[in-house]
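What follows is entry-v3.pdb (PDB, C-alpha atoms, pLDDT in the B column).
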ATOM      1  CA  MET L 250      37.570  -5.643  61.536  1.00 64.00           C
ATOM      2  CA  ASN L 251      39.895  -6.428  58.640  1.00 77.00           C
ATOM      3  CA  TRP L 252      38.605  -9.458  56.737  1.00 90.00           C
ATOM      4  CA  ASP L 253      40.868 -11.046  54.119  1.00 95.00           C
ATOM      5  CA  LEU L 254      39.418 -12.720  51.023  1.00 97.00           C
ATOM      6  CA  SER L 255      42.362 -11.869  48.767  1.00 97.00           C
ATOM      7  CA  GLY L 256      42.539 -14.014  45.648  1.00 96.00           C
ATOM      8  CA  ARG L 257      39.072 -15.481  46.126  1.00 98.00           C
ATOM      9  CA  VAL L 258      36.063 -15.236  43.830  1.00 98.00           C
ATOM     10  CA  VAL L 259      32.621 -14.810  45.374  1.00 98.00           C
ATOM     11  CA  ALA L 260      29.280 -15.135  43.551  1.00 98.00           C
ATOM     12  CA  ILE L 261      26.131 -13.781  45.206  1.00 98.00           C
ATOM     13  CA  THR L 262      22.553 -14.251  44.015  1.00 98.00           C
ATOM     14  CA  GLY L 263      20.237 -11.320  44.614  1.00 96.00           C
ATOM     15  CA  GLY L 264      23.439  -9.318  44.841  1.00 95.00           C
ATOM     16  CA  ALA L 265      22.181  -6.041  43.404  1.00 95.00           C
ATOM     17  CA  SER L 266      20.307  -4.932  46.530  1.00 92.00           C
ATOM     18  CA  GLY L 267      19.785  -5.501  50.229  1.00 92.00           C
ATOM     19  CA  ILE L 268      21.780  -8.188  52.031  1.00 94.00           C
ATOM     20  CA  GLY L 269      23.373  -9.421  48.805  1.00 95.00           C
ATOM     21  CA  LEU L 270      24.692  -5.977  47.928  1.00 96.00           C
ATOM     22  CA  ALA L 271      26.050  -5.468  51.447  1.00 96.00           C
ATOM     23  CA  CYS L 272      27.849  -8.815  51.187  1.00 97.00           C
ATOM     24  CA  ALA L 273      29.233  -7.864  47.765  1.00 98.00           C
ATOM     25  CA  LYS L 274      30.623  -4.601  49.150  1.00 97.00           C
ATOM     26  CA  ALA L 275      32.154  -6.378  52.147  1.00 97.00           C
ATOM     27  CA  SER L 276      33.709  -9.080  49.960  1.00 98.00           C
ATOM     28  CA  ILE L 277      35.266  -6.550  47.592  1.00 98.00           C
ATOM     29  CA  GLY L 278      36.521  -4.600  50.574  1.00 97.00           C
ATOM     30  CA  ALA L 279      38.179  -7.810  51.784  1.00 97.00           C
ATOM     31  CA  GLY L 280      40.009  -8.237  48.469  1.00 97.00           C
ATOM     32  CA  ALA L 281      37.722 -10.617  46.573  1.00 98.00           C
ATOM     33  CA  ARG L 282      36.399 -10.428  43.048  1.00 98.00           C
ATOM     34  CA  VAL L 283      32.613 -10.640  43.172  1.00 98.00           C
ATOM     35  CA  VAL L 284      30.113 -11.857  40.592  1.00 98.00           C
ATOM     36  CA  ILE L 285      26.810 -10.141  41.310  1.00 98.00           C
ATOM     37  CA  ILE L 286      23.928 -12.286  40.097  1.00 98.00           C
ATOM     38  CA  ASP L 287      20.511 -10.698  39.667  1.00 96.00           C
ATOM     39  CA  ARG L 288      17.731 -10.491  37.111  1.00 94.00           C
ATOM     40  CA  ALA L 289      17.487  -6.670  37.143  1.00 90.00           C
ATOM     41  CA  GLU L 290      19.795  -5.675  34.289  1.00 91.00           C
ATOM     42  CA  ASP L 291      19.669  -1.929  34.929  1.00 92.00           C
ATOM     43  CA  ARG L 292      20.339  -2.351  38.638  1.00 93.00           C
ATOM     44  CA  LEU L 293      23.212  -4.750  37.902  1.00 96.00           C
ATOM     45  CA  ALA L 294      24.836  -2.230  35.600  1.00 94.00           C
ATOM     46  CA  ALA L 295      24.537   0.576  38.149  1.00 96.00           C
ATOM     47  CA  VAL L 296      25.861  -1.529  41.023  1.00 96.00           C
ATOM     48  CA  THR L 297      28.881  -2.871  39.162  1.00 96.00           C
ATOM     49  CA  ARG L 298      29.798   0.649  38.019  1.00 96.00           C
ATOM     50  CA  GLU L 299      29.591   1.789  41.626  1.00 96.00           C
ATOM     51  CA  LEU L 300      31.668  -1.095  43.012  1.00 97.00           C
ATOM     52  CA  GLY L 301      34.436  -0.916  40.433  1.00 97.00           C
ATOM     53  CA  ALA L 302      36.727  -3.303  38.606  1.00 97.00           C
ATOM     54  CA  ASN L 303      36.338  -6.211  41.038  1.00 98.00           C
ATOM     55  CA  ALA L 304      32.555  -6.405  40.527  1.00 98.00           C
ATOM     56  CA  PHE L 305      31.141  -8.446  37.635  1.00 98.00           C
ATOM     57  CA  ALA L 306      27.503  -8.433  36.546  1.00 98.00           C
ATOM     58  CA  LEU L 307      25.660 -11.621  35.654  1.00 98.00           C
ATOM     59  CA  GLN L 308      21.997 -11.459  34.705  1.00 98.00           C
ATOM     60  CA  VAL L 309      20.204 -14.699  35.591  1.00 98.00           C
ATOM     61  CA  ASP L 310      16.534 -15.470  36.140  1.00 97.00           C
ATOM     62  CA  LEU L 311      16.781 -17.858  39.070  1.00 97.00           C
ATOM     63  CA  THR L 312      13.218 -19.085  38.549  1.00 96.00           C
ATOM     64  CA  ASP L 313      14.039 -20.261  35.007  1.00 97.00           C
ATOM     65  CA  PRO L 314      15.979 -23.559  34.884  1.00 97.00           C
ATOM     66  CA  ALA L 315      17.359 -22.748  31.430  1.00 98.00           C
ATOM     67  CA  SER L 316      18.749 -19.453  32.707  1.00 98.00           C
ATOM     68  CA  VAL L 317      20.240 -21.109  35.804  1.00 98.00           C
ATOM     69  CA  ALA L 318      21.962 -23.661  33.556  1.00 98.00           C
ATOM     70  CA  THR L 319      23.996 -20.823  32.016  1.00 98.00           C
ATOM     71  CA  MET L 320      25.107 -19.425  35.369  1.00 98.00           C
ATOM     72  CA  MET L 321      28.196 -21.458  36.224  1.00 98.00           C
ATOM     73  CA  PRO L 322      29.700 -21.505  32.703  1.00 98.00           C
ATOM     74  CA  ARG L 323      29.331 -17.720  32.545  1.00 98.00           C
ATOM     75  CA  ILE L 324      30.929 -17.279  35.980  1.00 98.00           C
ATOM     76  CA  LEU L 325      33.949 -19.275  34.826  1.00 98.00           C
ATOM     77  CA  GLU L 326      34.058 -17.357  31.552  1.00 98.00           C
ATOM     78  CA  GLN L 327      34.208 -14.046  33.411  1.00 97.00           C
ATOM     79  CA  VAL L 328      36.476 -14.844  36.361  1.00 98.00           C
ATOM     80  CA  GLY L 329      37.945 -18.326  35.827  1.00 97.00           C
ATOM     81  CA  GLN L 330      37.100 -19.902  39.186  1.00 98.00           C
ATOM     82  CA  LEU L 331      34.611 -19.857  42.055  1.00 98.00           C
ATOM     83  CA  ASP L 332      35.584 -20.040  45.719  1.00 98.00           C
ATOM     84  CA  VAL L 333      32.414 -18.857  47.461  1.00 98.00           C
ATOM     85  CA  PHE L 334      28.795 -19.203  46.372  1.00 98.00           C
ATOM     86  CA  HIS L 335      26.258 -17.244  48.396  1.00 98.00           C
ATOM     87  CA  ALA L 336      22.672 -18.312  47.629  1.00 98.00           C
ATOM     88  CA  ASN L 337      21.073 -15.159  48.946  1.00 97.00           C
ATOM     89  CA  ALA L 338      18.131 -14.339  46.655  1.00 96.00           C
ATOM     90  CA  GLY L 339      14.692 -14.770  48.146  1.00 94.00           C
ATOM     91  CA  THR L 340      11.312 -13.197  48.613  1.00 92.00           C
ATOM     92  CA  TYR L 341       8.617 -12.957  51.239  1.00 90.00           C
ATOM     93  CA  VAL L 342       4.892 -13.647  51.486  1.00 90.00           C
ATOM     94  CA  GLY L 343       3.223 -13.493  54.881  1.00 86.00           C
ATOM     95  CA  GLY L 344      -0.321 -13.391  56.184  1.00 88.00           C
ATOM     96  CA  ASP L 345      -3.141 -15.769  56.989  1.00 92.00           C
ATOM     97  CA  ILE L 346      -3.432 -18.997  55.035  1.00 95.00           C
ATOM     98  CA  LEU L 347      -7.212 -18.576  54.883  1.00 95.00           C
ATOM     99  CA  GLY L 348      -6.992 -15.470  52.720  1.00 93.00           C
ATOM    100  CA  GLY L 349      -3.700 -16.297  51.032  1.00 95.00           C
ATOM    101  CA  ASP L 350      -2.837 -16.548  47.342  1.00 96.00           C
ATOM    102  CA  PRO L 351      -1.466 -19.988  46.417  1.00 97.00           C
ATOM    103  CA  ASP L 352       0.033 -18.606  43.203  1.00 97.00           C
ATOM    104  CA  ALA L 353       2.046 -16.104  45.235  1.00 96.00           C
ATOM    105  CA  TRP L 354       3.157 -18.954  47.487  1.00 97.00           C
ATOM    106  CA  ASP L 355       4.324 -20.935  44.461  1.00 97.00           C
ATOM    107  CA  ARG L 356       6.396 -18.012  43.185  1.00 96.00           C
ATOM    108  CA  MET L 357       7.992 -17.552  46.587  1.00 95.00           C
ATOM    109  CA  LEU L 358       8.701 -21.259  47.076  1.00 98.00           C
ATOM    110  CA  ASN L 359      10.286 -21.484  43.632  1.00 98.00           C
ATOM    111  CA  LEU L 360      12.754 -18.719  44.461  1.00 97.00           C
ATOM    112  CA  ASN L 361      13.307 -19.493  48.140  1.00 97.00           C
ATOM    113  CA  ILE L 362      13.752 -23.261  47.713  1.00 98.00           C
ATOM    114  CA  ASN L 363      14.048 -24.578  44.156  1.00 98.00           C
ATOM    115  CA  ALA L 364      16.379 -21.816  42.977  1.00 98.00           C
ATOM    116  CA  VAL L 365      18.686 -22.508  45.925  1.00 98.00           C
ATOM    117  CA  PHE L 366      18.744 -26.225  45.130  1.00 98.00           C
ATOM    118  CA  ARG L 367      19.461 -25.641  41.435  1.00 98.00           C
ATOM    119  CA  THR L 368      22.142 -22.997  41.850  1.00 98.00           C
ATOM    120  CA  VAL L 369      23.998 -24.917  44.548  1.00 98.00           C
ATOM    121  CA  HIS L 370      23.835 -28.055  42.413  1.00 98.00           C
ATOM    122  CA  ALA L 371      25.301 -26.059  39.530  1.00 98.00           C
ATOM    123  CA  VAL L 372      28.391 -24.897  41.431  1.00 98.00           C
ATOM    124  CA  LEU L 373      29.225 -28.100  43.307  1.00 98.00           C
ATOM    125  CA  PRO L 374      31.110 -29.964  40.526  1.00 98.00           C
ATOM    126  CA  HIS L 375      33.620 -27.113  40.159  1.00 98.00           C
ATOM    127  CA  MET L 376      34.211 -26.913  43.901  1.00 98.00           C
ATOM    128  CA  ALA L 377      34.454 -30.677  44.301  1.00 98.00           C
ATOM    129  CA  GLU L 378      37.012 -30.880  41.498  1.00 98.00           C
ATOM    130  CA  ARG L 379      39.118 -28.185  43.173  1.00 98.00           C
ATOM    131  CA  ARG L 380      38.666 -29.802  46.620  1.00 98.00           C
ATOM    132  CA  THR L 381      37.714 -26.484  48.186  1.00 98.00           C
ATOM    133  CA  GLY L 382      34.859 -24.015  48.392  1.00 98.00           C
ATOM    134  CA  ASP L 383      32.303 -22.312  50.585  1.00 98.00           C
ATOM    135  CA  ILE L 384      28.536 -22.287  50.181  1.00 98.00           C
ATOM    136  CA  ILE L 385      26.562 -19.784  52.234  1.00 98.00           C
ATOM    137  CA  VAL L 386      22.768 -19.657  52.176  1.00 98.00           C
ATOM    138  CA  THR L 387      20.678 -16.757  53.449  1.00 97.00           C
ATOM    139  CA  SER L 388      17.971 -18.317  55.563  1.00 96.00           C
ATOM    140  CA  SER L 389      15.911 -16.565  58.255  1.00 94.00           C
ATOM    141  CA  VAL L 390      15.140 -16.756  61.933  1.00 93.00           C
ATOM    142  CA  ALA L 391      11.850 -18.168  60.613  1.00 91.00           C
ATOM    143  CA  GLY L 392      13.830 -21.285  59.694  1.00 94.00           C
ATOM    144  CA  HIS L 393      14.508 -21.861  63.382  1.00 94.00           C
ATOM    145  CA  VAL L 394      11.313 -20.618  65.042  1.00 92.00           C
ATOM    146  CA  PRO L 395       7.910 -21.083  63.361  1.00 92.00           C
ATOM    147  CA  VAL L 396       6.425 -17.614  62.902  1.00 88.00           C
ATOM    148  CA  MET L 397       2.651 -17.681  63.140  1.00 90.00           C
ATOM    149  CA  TRP L 398       1.993 -14.774  60.757  1.00 87.00           C
ATOM    150  CA  GLU L 399       4.116 -16.181  57.932  1.00 90.00           C
ATOM    151  CA  PRO L 400       3.421 -19.933  57.686  1.00 95.00           C
ATOM    152  CA  VAL L 401       4.438 -20.535  54.061  1.00 96.00           C
ATOM    153  CA  TYR L 402       7.544 -18.364  54.303  1.00 94.00           C
ATOM    154  CA  THR L 403       8.463 -20.171  57.530  1.00 95.00           C
ATOM    155  CA  ALA L 404       8.029 -23.494  55.733  1.00 97.00           C
ATOM    156  CA  SER L 405      10.355 -22.349  52.936  1.00 98.00           C
ATOM    157  CA  LYS L 406      13.095 -21.447  55.414  1.00 97.00           C
ATOM    158  CA  HIS L 407      12.686 -24.699  57.348  1.00 98.00           C
ATOM    159  CA  ALA L 408      13.273 -26.466  54.031  1.00 98.00           C
ATOM    160  CA  ILE L 409      16.472 -24.446  53.567  1.00 97.00           C
ATOM    161  CA  GLN L 410      17.660 -25.386  57.050  1.00 97.00           C
ATOM    162  CA  ALA L 411      17.192 -29.080  56.279  1.00 98.00           C
ATOM    163  CA  PHE L 412      19.014 -28.704  52.958  1.00 98.00           C
ATOM    164  CA  VAL L 413      21.983 -26.865  54.462  1.00 98.00           C
ATOM    165  CA  HIS L 414      22.466 -29.353  57.290  1.00 97.00           C
ATOM    166  CA  THR L 415      22.289 -32.429  55.068  1.00 98.00           C
ATOM    167  CA  LEU L 416      24.299 -30.943  52.193  1.00 98.00           C
ATOM    168  CA  ARG L 417      27.066 -29.943  54.587  1.00 98.00           C
ATOM    169  CA  ARG L 418      27.564 -33.542  55.659  1.00 98.00           C
ATOM    170  CA  GLN L 419      27.503 -34.819  52.078  1.00 98.00           C
ATOM    171  CA  VAL L 420      30.106 -32.470  50.648  1.00 98.00           C
ATOM    172  CA  ALA L 421      32.529 -32.100  53.571  1.00 97.00           C
ATOM    173  CA  ARG L 422      34.602 -34.942  52.110  1.00 97.00           C
ATOM    174  CA  HIS L 423      35.216 -32.737  49.045  1.00 98.00           C
ATOM    175  CA  GLY L 424      36.651 -29.895  51.134  1.00 97.00           C
ATOM    176  CA  ILE L 425      33.485 -27.815  50.769  1.00 98.00           C
ATOM    177  CA  ARG L 426      32.052 -25.947  53.744  1.00 98.00           C
ATOM    178  CA  VAL L 427      28.317 -25.196  53.945  1.00 98.00           C
ATOM    179  CA  GLY L 428      26.615 -22.828  56.352  1.00 98.00           C
ATOM    180  CA  GLU L 429      23.706 -20.453  56.642  1.00 98.00           C
ATOM    181  CA  VAL L 430      23.009 -17.034  58.088  1.00 97.00           C
ATOM    182  CA  SER L 431      19.579 -16.438  59.613  1.00 96.00           C
ATOM    183  CA  PRO L 432      18.700 -12.764  60.023  1.00 93.00           C
ATOM    184  CA  GLY L 433      15.740 -11.320  61.802  1.00 85.00           C
ATOM    185  CA  ILE L 434      13.926  -8.335  60.316  1.00 80.00           C
ATOM    186  CA  ALA L 435      16.338  -6.316  58.153  1.00 75.00           C
ATOM    187  CA  VAL L 436      16.135  -3.174  56.034  1.00 68.00           C
ATOM    188  CA  THR L 437      15.911  -4.654  52.538  1.00 64.00           C
ATOM    189  CA  PRO L 438      13.636  -4.167  49.506  1.00 62.00           C
ATOM    190  CA  LEU L 439      11.315  -6.773  51.092  1.00 61.00           C
ATOM    191  CA  LEU L 440      10.242  -3.974  53.455  1.00 57.00           C
ATOM    192  CA  ASP L 441       9.484  -1.502  50.672  1.00 57.00           C
ATOM    193  CA  ASP L 442       5.736  -1.897  51.134  1.00 57.00           C
ATOM    194  CA  TRP L 443       5.845  -1.310  54.880  1.00 55.00           C
ATOM    195  CA  PRO L 444       4.325   1.947  56.164  1.00 54.00           C
ATOM    196  CA  LYS L 445       7.225   4.392  56.462  1.00 63.00           C
ATOM    197  CA  GLU L 446       6.219   5.446  59.970  1.00 62.00           C
ATOM    198  CA  ASN L 447       6.295   1.816  61.178  1.00 59.00           C
ATOM    199  CA  LEU L 448       9.755   1.224  59.721  1.00 57.00           C
ATOM    200  CA  GLN L 449      11.075   4.460  61.209  1.00 61.00           C
ATOM    201  CA  LYS L 450       9.752   3.490  64.637  1.00 61.00           C
ATOM    202  CA  MET L 451      11.472   0.098  64.412  1.00 62.00           C
ATOM    203  CA  LEU L 452      14.743   1.747  63.391  1.00 61.00           C
ATOM    204  CA  GLU L 453      14.539   4.084  66.360  1.00 57.00           C
ATOM    205  CA  THR L 454      13.796   1.283  68.849  1.00 58.00           C
ATOM    206  CA  GLY L 455      16.344  -1.278  67.668  1.00 58.00           C
ATOM    207  CA  GLY L 456      13.787  -3.545  66.044  1.00 68.00           C
ATOM    208  CA  VAL L 457      15.429  -3.976  62.638  1.00 78.00           C
ATOM    209  CA  LEU L 458      18.874  -4.895  61.281  1.00 82.00           C
ATOM    210  CA  GLN L 459      20.953  -3.102  58.683  1.00 87.00           C
ATOM    211  CA  PRO L 460      22.265  -5.296  55.815  1.00 91.00           C
ATOM    212  CA  LYS L 461      25.838  -4.349  56.731  1.00 93.00           C
ATOM    213  CA  GLU L 462      25.455  -6.153  60.055  1.00 92.00           C
ATOM    214  CA  ILE L 463      24.456  -9.350  58.282  1.00 94.00           C
ATOM    215  CA  ALA L 464      27.339  -8.981  55.835  1.00 96.00           C
ATOM    216  CA  GLU L 465      29.759  -8.819  58.763  1.00 96.00           C
ATOM    217  CA  ALA L 466      28.408 -12.140  60.041  1.00 96.00           C
ATOM    218  CA  VAL L 467      28.969 -13.672  56.594  1.00 97.00           C
ATOM    219  CA  MET L 468      32.528 -12.336  56.504  1.00 98.00           C
ATOM    220  CA  PHE L 469      33.162 -13.990  59.868  1.00 97.00           C
ATOM    221  CA  MET L 470      31.954 -17.322  58.468  1.00 97.00           C
ATOM    222  CA  LEU L 471      34.141 -17.099  55.366  1.00 98.00           C
ATOM    223  CA  THR L 472      37.328 -16.118  57.147  1.00 97.00           C
ATOM    224  CA  ARG L 473      37.492 -18.992  59.643  1.00 96.00           C
ATOM    225  CA  PRO L 474      40.358 -21.483  59.212  1.00 96.00           C
ATOM    226  CA  ARG L 475      39.488 -24.191  56.696  1.00 95.00           C
ATOM    227  CA  GLU L 476      39.148 -26.810  59.440  1.00 95.00           C
ATOM    228  CA  VAL L 477      36.352 -24.751  61.043  1.00 96.00           C
ATOM    229  CA  THR L 478      32.781 -24.641  59.728  1.00 96.00           C
ATOM    230  CA  ILE L 479      30.227 -22.146  61.012  1.00 97.00           C
ATOM    231  CA  ARG L 480      27.052 -24.117  60.438  1.00 95.00           C
ATOM    232  CA  ASP L 481      24.501 -21.502  61.553  1.00 96.00           C
ATOM    233  CA  ILE L 482      24.496 -17.879  62.574  1.00 96.00           C
ATOM    234  CA  VAL L 483      21.270 -16.353  63.855  1.00 95.00           C
ATOM    235  CA  ILE L 484      21.473 -12.558  63.977  1.00 91.00           C
ATOM    236  CA  LEU L 485      18.604 -10.548  65.436  1.00 88.00           C
ATOM    237  CA  PRO L 486      17.838  -6.917  66.145  1.00 82.00           C
ATOM    238  CA  GLN L 487      18.026  -6.279  69.867  1.00 75.00           C
ATOM    239  CA  ASN L 488      14.298  -5.763  70.248  1.00 67.00           C
ATOM    240  CA  GLN L 489      12.887  -8.364  67.870  1.00 67.00           C
ATOM    241  CA  ASP L 490      10.400 -10.311  69.955  1.00 63.00           C
ATOM    242  CA  ILE L 491      10.689 -13.885  68.656  1.00 66.00           C
TER     243      ILE L 491
END

Give the structure from the file, written as structure tokens.
Amino acid sequence: MNWDLSGRVVAITGGASGIGLACAKASIGAGARVVIIDRAEDRLAAVTRELGANAFALQVDLTDPASVATMMPRILEQVGQLDVFHANAGTYVGGDILGGDPDAWDRMLNLNINAVFRTVHAVLPHMAERRTGDIIVTSSVAGHVPVMWEPVYTASKHAIQAFVHTLRRQVARHGIRVGEVSPGIAVTPLLDDWPKENLQKMLETGGVLQPKEIAEAVMFMLTRPREVTIRDIVILPQNQDI
């Protein structure tokens, strides 16, 4: 399908890999300029070289409030405006609470929740002043259905769901749309530590999504008429049992 984002500027956190990178490629293909936000400087450089003149690298440590405070001024310095902000960066910790690592939980919660709050807060004044904008947040099916084997991760995504649904109602009067995409299991760097044979079996049986499929859902959200808001999209592999 031919999506059209001509003349728009998109910024994507965690944009140098996985879902974020797929969304960056789709946005550029639709005619947008894309600011790819990530903390991996070498990966940022490689990705922006690959994607060409409409890709802009921005190194930000989303877990550092001082670094986040530089994000929006540097976006405007590079590209002059911001039409779409995609808060995509996140991480995963699963397993039993009994044997879990609270420090690992804290690191995950800081990225999955606090970084989303801070980055969205940072871009809102610009969008409100312009009376237009889109905010997309990458959530998870775990934000809709409590997943027994990932209680803290599930809690982080339920927090994101609550934030998206309340923020949307607050900022609609400023012409800003807010929505979230909730994928099931997808082939991203979060699966890097999976046994290769298990991942291959899931690929063969339709149990895992490709990032491109999630990017297409995001493109659908962004290309609706301005009077239409897609609040939630849940996208699952055919055989994910949840």

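Nearest residue to Val333 in chain L, choosing from L:Lys461, L:Arg288, L:Arg257, L:His407 and counting all atoms listed in the file: L:Arg257.
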
Picked residues, the PyMOL selection byres ((chain L and resi 465) around 12), as a PyMOL selection string: chain L and resi 250-252+268-269+271-276+278-279+430+432+458-464+466-472+482+484

Saved selection, atoms kept: C-alpha atoms, as a PDB file, keeping the file's coordinate frame:
ATOM      1  CA  MET L 250      37.570  -5.643  61.536  1.00 64.00           C
ATOM      2  CA  ASN L 251      39.895  -6.428  58.640  1.00 77.00           C
ATOM      3  CA  TRP L 252      38.605  -9.458  56.737  1.00 90.00           C
ATOM      4  CA  ILE L 268      21.780  -8.188  52.031  1.00 94.00           C
ATOM      5  CA  GLY L 269      23.373  -9.421  48.805  1.00 95.00           C
ATOM      6  CA  ALA L 271      26.050  -5.468  51.447  1.00 96.00           C
ATOM      7  CA  CYS L 272      27.849  -8.815  51.187  1.00 97.00           C
ATOM      8  CA  ALA L 273      29.233  -7.864  47.765  1.00 98.00           C
ATOM      9  CA  LYS L 274      30.623  -4.601  49.150  1.00 97.00           C
ATOM     10  CA  ALA L 275      32.154  -6.378  52.147  1.00 97.00           C
ATOM     11  CA  SER L 276      33.709  -9.080  49.960  1.00 98.00           C
ATOM     12  CA  GLY L 278      36.521  -4.600  50.574  1.00 97.00           C
ATOM     13  CA  ALA L 279      38.179  -7.810  51.784  1.00 97.00           C
ATOM     14  CA  VAL L 430      23.009 -17.034  58.088  1.00 97.00           C
ATOM     15  CA  PRO L 432      18.700 -12.764  60.023  1.00 93.00           C
ATOM     16  CA  LEU L 458      18.874  -4.895  61.281  1.00 82.00           C
ATOM     17  CA  GLN L 459      20.953  -3.102  58.683  1.00 87.00           C
ATOM     18  CA  PRO L 460      22.265  -5.296  55.815  1.00 91.00           C
ATOM     19  CA  LYS L 461      25.838  -4.349  56.731  1.00 93.00           C
ATOM     20  CA  GLU L 462      25.455  -6.153  60.055  1.00 92.00           C
ATOM     21  CA  ILE L 463      24.456  -9.350  58.282  1.00 94.00           C
ATOM     22  CA  ALA L 464      27.339  -8.981  55.835  1.00 96.00           C
ATOM     23  CA  ALA L 466      28.408 -12.140  60.041  1.00 96.00           C
ATOM     24  CA  VAL L 467      28.969 -13.672  56.594  1.00 97.00           C
ATOM     25  CA  MET L 468      32.528 -12.336  56.504  1.00 98.00           C
ATOM     26  CA  PHE L 469      33.162 -13.990  59.868  1.00 97.00           C
ATOM     27  CA  MET L 470      31.954 -17.322  58.468  1.00 97.00           C
ATOM     28  CA  LEU L 471      34.141 -17.099  55.366  1.00 98.00           C
ATOM     29  CA  THR L 472      37.328 -16.118  57.147  1.00 97.00           C
ATOM     30  CA  ILE L 482      24.496 -17.879  62.574  1.00 96.00           C
ATOM     31  CA  ILE L 484      21.473 -12.558  63.977  1.00 91.00           C
TER      32      ILE L 484
END

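Residues surrounding range 358-368 of chain L within 7 Å are L:Leu311, L:Thr312, L:Val317, L:Ala336, L:Gly339, L:Thr340, L:Ser405, L:Ile409 [all atoms listed in the file; sequence separation below 5 positions excluded].
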
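Nearest residue to Val386 in chain L, choosing from L:Ala294, L:Val477, L:Val309, L:Ala408 and counting all atoms listed in the file: L:Ala408.
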
Contacts of Ile324 in chain L at 10 Å or less, counting all atoms listed in the file, minus same-chain residues fewer than 4 places along, as a PyMOL selection string? chain L and resi 258-260+283-286+305-307+319-320+328-331+372

Work out how far apart CA of Pro474 in chain L and CA of His423 in chain L are and give it in Å to one decimal.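 Result for CA of Pro474 in chain L versus CA of His423 in chain L: 16.0 Å, one decimal.
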
Centre and edge lengths of an axis-aligned box around all listed atoms of range 259-273 of chain L, with 3 Å added on each side, are to be given in Å to one decimal, as lines of an AutoDock Vina configuration file.
center_x = 26.2
center_y = -10.0
center_z = 47.7
size_x = 18.8
size_y = 16.2
size_z = 14.6

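Of note, CA of Phe334 in chain L and CA of Pro400 in chain L are spaced 27.8 Å apart.
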
What's around Leu373 in chain L at 12 Å? Count all atoms listed in the file, leave out sequence neighbours fewer than 6 positions away in its own chain, and write the answer as a ChimeraX atom specification. /L:321,331-334,366-367,379-384,416-417,419-421,423-427

If I take CA of Ser431 in chain L and CA of Arg473 in chain L, how far is one from the other in Å, to one decimal? 18.1 Å

Pick from L:Ala377, L:Ser266, L:Val401, L:Leu300, whichever lies nearest to Asp355 in chain L using all atoms listed in the file: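 Distance minimum relative to Asp355 in chain L lands on L:Val401.
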
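Here the PyMOL selection byres ((chain L and resi 303) around 7) captures the residues Ile277, Arg282, Val283, Gly301, Ala302, Ala304 and Phe305 of chain L.
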
Tell me which protein, DNA and RNA residues are within 6 Å of Ile385 in chain L, counting all atoms listed in the file, leaving out same-chain ones fewer than 2 positions away, and put them as a PyMOL selection string. chain L and resi 335+427-429

Okay, now the selection with C-alpha atoms, as a compact mmCIF listing (two decimals), keeping the file's coordinate frame?
# COMPACT_ATOMS: atom_id res chain seq x y z
CA HIS L 335 26.26 -17.24 48.40
CA VAL L 427 28.32 -25.20 53.94
CA GLY L 428 26.62 -22.83 56.35
CA GLU L 429 23.71 -20.45 56.64

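Distances to Leu270 in chain L were evaluated for L:Met397, L:Ala318, L:Leu325, L:Ala338 using only C-alpha atoms, and the minimum falls at L:Ala338.
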